[in-house]
Amino acid sequence: MGRDHSRKDFFLFLFLVIASLLFYFSNQGGWLVSVRGVVGRPIAALERPLYLFGQSAGQLVNQAFYLKSRDQELLGLEGRLSQLALDQNRLSVCLEENEALKSLLGAPLPPQWEFLLAQVVGRGEKMKLDLGKKGGVEEGMMVVAENILVGRVISAGESESLVQLPGDPNSKIPVTIKRPGSQGIQAQGLLFGQFGSKLVLDRVLQEEDIQKGDLVTTSGEEGWLPNLVIGQIDEVLPPTAAIYQKARVDSLVDYSLLRLVFVVKP
C-alpha cells in the first residue's frame, strides 16, 4: 500500500518537473507568446465593440436621466403658466369691475340707490346673471350698465336670476323723449321690443315733436325706475292718419357684449 502511494508521488513529481521545463523552454523560444497572440486576437477584436457599447449604454442612461429631469421641469413650467393665466384672468376681471364701478360713479343716478354687481353668465331671449336671492336680488329690480337700462329681473332663484331685455317682444316700457342739450320732456310714449336690439317707439301723439337723435328714457311709471336711458331715435316713421306717430329706436348698449352689470336696489 505504501509502495503504491510512493509511486504515485514520484510520477506526480516527475510530471511537474517536465511541465516546468516545457513551460520554461517554450517561453524562451517565444512559443508561449504566439499562443497568447492566437488566444488574444478574438478578445482584442471584441474589445472595441464592447467599449463602444459601454459608451452608448452610458449615454442612454445619462439621456434618460436628463429627459426625466426635463419632463419634471416642463411640468413645473406648465403649472406656473397655468397659475399665471389664472392670475391674469382674475386681474382682468378686477380691472373690468373697477372700470364698471368708475363708469357707474360718473353716471347721473340717485345716490341712495344700492348697486349689486353681477356677472352675465347666459344670453338668449333672456339674460342670465350669476346673482340671485342670496345676493339680494328680487323680481322687478332694474338692471343697468352705467345709467343705461339693461332690463328688469323677471325671475330670481337662489343664486341666479333672469332679466327681460328691452328688445324682448313681450317688453313694454313707458318712456319719455328728451332732446340732448335741452331742458324738459319732448314727448311721452311706449317702447316695444322686437327681438334683439330692435325697438319701436309708439303711442306718441302726432302734435309732439320728436326727431332723430332724441334720447328715450324710462318715465318711472308701472314700476320702472325713472330717467334710465334706453336708446336713441334712429328714424321717425312717416306720418299716417293715426293719432299716434312711431319711430325706430337704437339701443345704446350691445347686450351681447355685456359681461358685468348692476342690479339696482332702490
# chains A, B, ... in the order shown; residues from 1 in each chain; ligands from 1
>>> residues_around(residues="range 136-146 of chain A", least_positions_apart="5", cutoff="10 Å", atoms="only C-alpha atoms", output="count of residues only")
47
>>> closest_atom_pairs(of="range 112-176 of chain A", to="range 212-217 of chain A", cutoff="9 Å", atoms="only C-alpha atoms", output="Markdown table")
| residue | atom | partner | partner_atom | distance |
| --- | --- | --- | --- | --- |
| A:Ile148 | CA | A:Thr217 | CA | 8.7 |
| A:Leu149 | CA | A:Thr217 | CA | 8.5 |
| A:Pro174 | CA | A:Thr217 | CA | 8.6 |
| A:Val175 | CA | A:Thr217 | CA | 5.4 |
| A:Thr176 | CA | A:Thr217 | CA | 5.4 |
>>> atom_distance(atom1="CA of Asp202 in chain A", atom2="CA of Arg248 in chain A")
9.0 Å
>>> residues_around(residues="Asp234 in chain A", least_positions_apart="3", cutoff="12 Å", atoms="only C-alpha atoms", output="PDB file with N, CA and C atoms, in the first residue's frame")
ATOM      1  N   LYS A 198     -83.738  95.653 -31.553  1.00  0.00           N
ATOM      2  CA  LYS A 198     -84.717  96.418 -32.330  1.00  0.00           C
ATOM      3  C   LYS A 198     -85.842  96.884 -31.412  1.00  0.00           C
ATOM      4  N   LEU A 199     -86.034  98.186 -31.375  1.00  0.00           N
ATOM      5  CA  LEU A 199     -87.043  98.789 -30.512  1.00  0.00           C
ATOM      6  C   LEU A 199     -87.925  99.720 -31.335  1.00  0.00           C
ATOM      7  N   VAL A 200     -89.198  99.797 -30.971  1.00  0.00           N
ATOM      8  CA  VAL A 200     -90.155 100.663 -31.662  1.00  0.00           C
ATOM      9  C   VAL A 200     -90.829 101.575 -30.645  1.00  0.00           C
ATOM     10  N   LEU A 201     -90.761 102.867 -30.903  1.00  0.00           N
ATOM     11  CA  LEU A 201     -91.442 103.845 -30.077  1.00  0.00           C
ATOM     12  C   LEU A 201     -92.840 104.071 -30.652  1.00  0.00           C
ATOM     13  N   ILE A 210     -90.788 114.975 -32.089  1.00  0.00           N
ATOM     14  CA  ILE A 210     -89.693 114.012 -31.879  1.00  0.00           C
ATOM     15  C   ILE A 210     -88.818 114.003 -33.127  1.00  0.00           C
ATOM     16  N   GLN A 211     -87.507 113.828 -32.911  1.00  0.00           N
ATOM     17  CA  GLN A 211     -86.557 113.876 -34.015  1.00  0.00           C
ATOM     18  C   GLN A 211     -85.505 112.777 -33.852  1.00  0.00           C
ATOM     19  N   LYS A 212     -84.837 112.529 -34.970  1.00  0.00           N
ATOM     20  CA  LYS A 212     -83.718 111.600 -34.923  1.00  0.00           C
ATOM     21  C   LYS A 212     -82.650 112.149 -33.988  1.00  0.00           C
ATOM     22  N   GLY A 213     -82.121 111.284 -33.110  1.00  0.00           N
ATOM     23  CA  GLY A 213     -81.107 111.705 -32.149  1.00  0.00           C
ATOM     24  C   GLY A 213     -81.660 111.962 -30.768  1.00  0.00           C
ATOM     25  N   ASP A 214     -82.981 112.061 -30.629  1.00  0.00           N
ATOM     26  CA  ASP A 214     -83.582 112.254 -29.311  1.00  0.00           C
ATOM     27  C   ASP A 214     -83.348 111.011 -28.447  1.00  0.00           C
ATOM     28  N   LEU A 215     -83.171 111.247 -27.155  1.00  0.00           N
ATOM     29  CA  LEU A 215     -82.951 110.146 -26.221  1.00  0.00           C
ATOM     30  C   LEU A 215     -84.277 109.624 -25.681  1.00  0.00           C
ATOM     31  N   VAL A 216     -84.329 108.318 -25.516  1.00  0.00           N
ATOM     32  CA  VAL A 216     -85.512 107.656 -24.964  1.00  0.00           C
ATOM     33  C   VAL A 216     -85.139 107.148 -23.581  1.00  0.00           C
ATOM     34  N   GLY A 231     -82.331 104.187 -25.218  1.00  0.00           N
ATOM     35  CA  GLY A 231     -81.821 104.249 -26.583  1.00  0.00           C
ATOM     36  C   GLY A 231     -81.975 105.628 -27.181  1.00  0.00           C
ATOM     37  N   LEU A 237     -90.840 107.464 -38.266  1.00  0.00           N
ATOM     38  CA  LEU A 237     -91.576 106.881 -39.382  1.00  0.00           C
ATOM     39  C   LEU A 237     -92.524 107.905 -40.006  1.00  0.00           C
ATOM     40  N   LYS A 246     -94.859 107.000 -34.799  1.00  0.00           N
ATOM     41  CA  LYS A 246     -93.929 105.948 -34.387  1.00  0.00           C
ATOM     42  C   LYS A 246     -92.503 106.313 -34.793  1.00  0.00           C
ATOM     43  N   ALA A 247     -91.569 105.638 -34.169  1.00  0.00           N
ATOM     44  CA  ALA A 247     -90.152 105.845 -34.511  1.00  0.00           C
ATOM     45  C   ALA A 247     -89.377 104.577 -34.195  1.00  0.00           C
ATOM     46  N   ARG A 248     -88.304 104.403 -34.924  1.00  0.00           N
ATOM     47  CA  ARG A 248     -87.390 103.299 -34.636  1.00  0.00           C
ATOM     48  C   ARG A 248     -86.311 103.800 -33.674  1.00  0.00           C
ATOM     49  N   VAL A 249     -85.978 102.963 -32.714  1.00  0.00           N
ATOM     50  CA  VAL A 249     -85.030 103.352 -31.665  1.00  0.00           C
ATOM     51  C   VAL A 249     -83.878 102.356 -31.624  1.00  0.00           C
ATOM     52  N   ASP A 250     -82.671 102.881 -31.594  1.00  0.00           N
ATOM     53  CA  ASP A 250     -81.479 102.039 -31.440  1.00  0.00           C
ATOM     54  C   ASP A 250     -81.081 102.003 -29.970  1.00  0.00           C
ATOM     55  N   SER A 251     -80.754 100.796 -29.500  1.00  0.00           N
ATOM     56  CA  SER A 251     -80.264 100.669 -28.127  1.00  0.00           C
ATOM     57  C   SER A 251     -78.878 101.282 -28.022  1.00  0.00           C
ATOM     58  N   LEU A 252     -78.562 101.832 -26.850  1.00  0.00           N
ATOM     59  CA  LEU A 252     -77.250 102.445 -26.636  1.00  0.00           C
ATOM     60  C   LEU A 252     -76.237 101.469 -26.061  1.00  0.00           C
TER      61      LEU A 252
END
>>> atom_distance(atom1="CA of Glu221 in chain A", atom2="CA of Pro110 in chain A")
16.8 Å
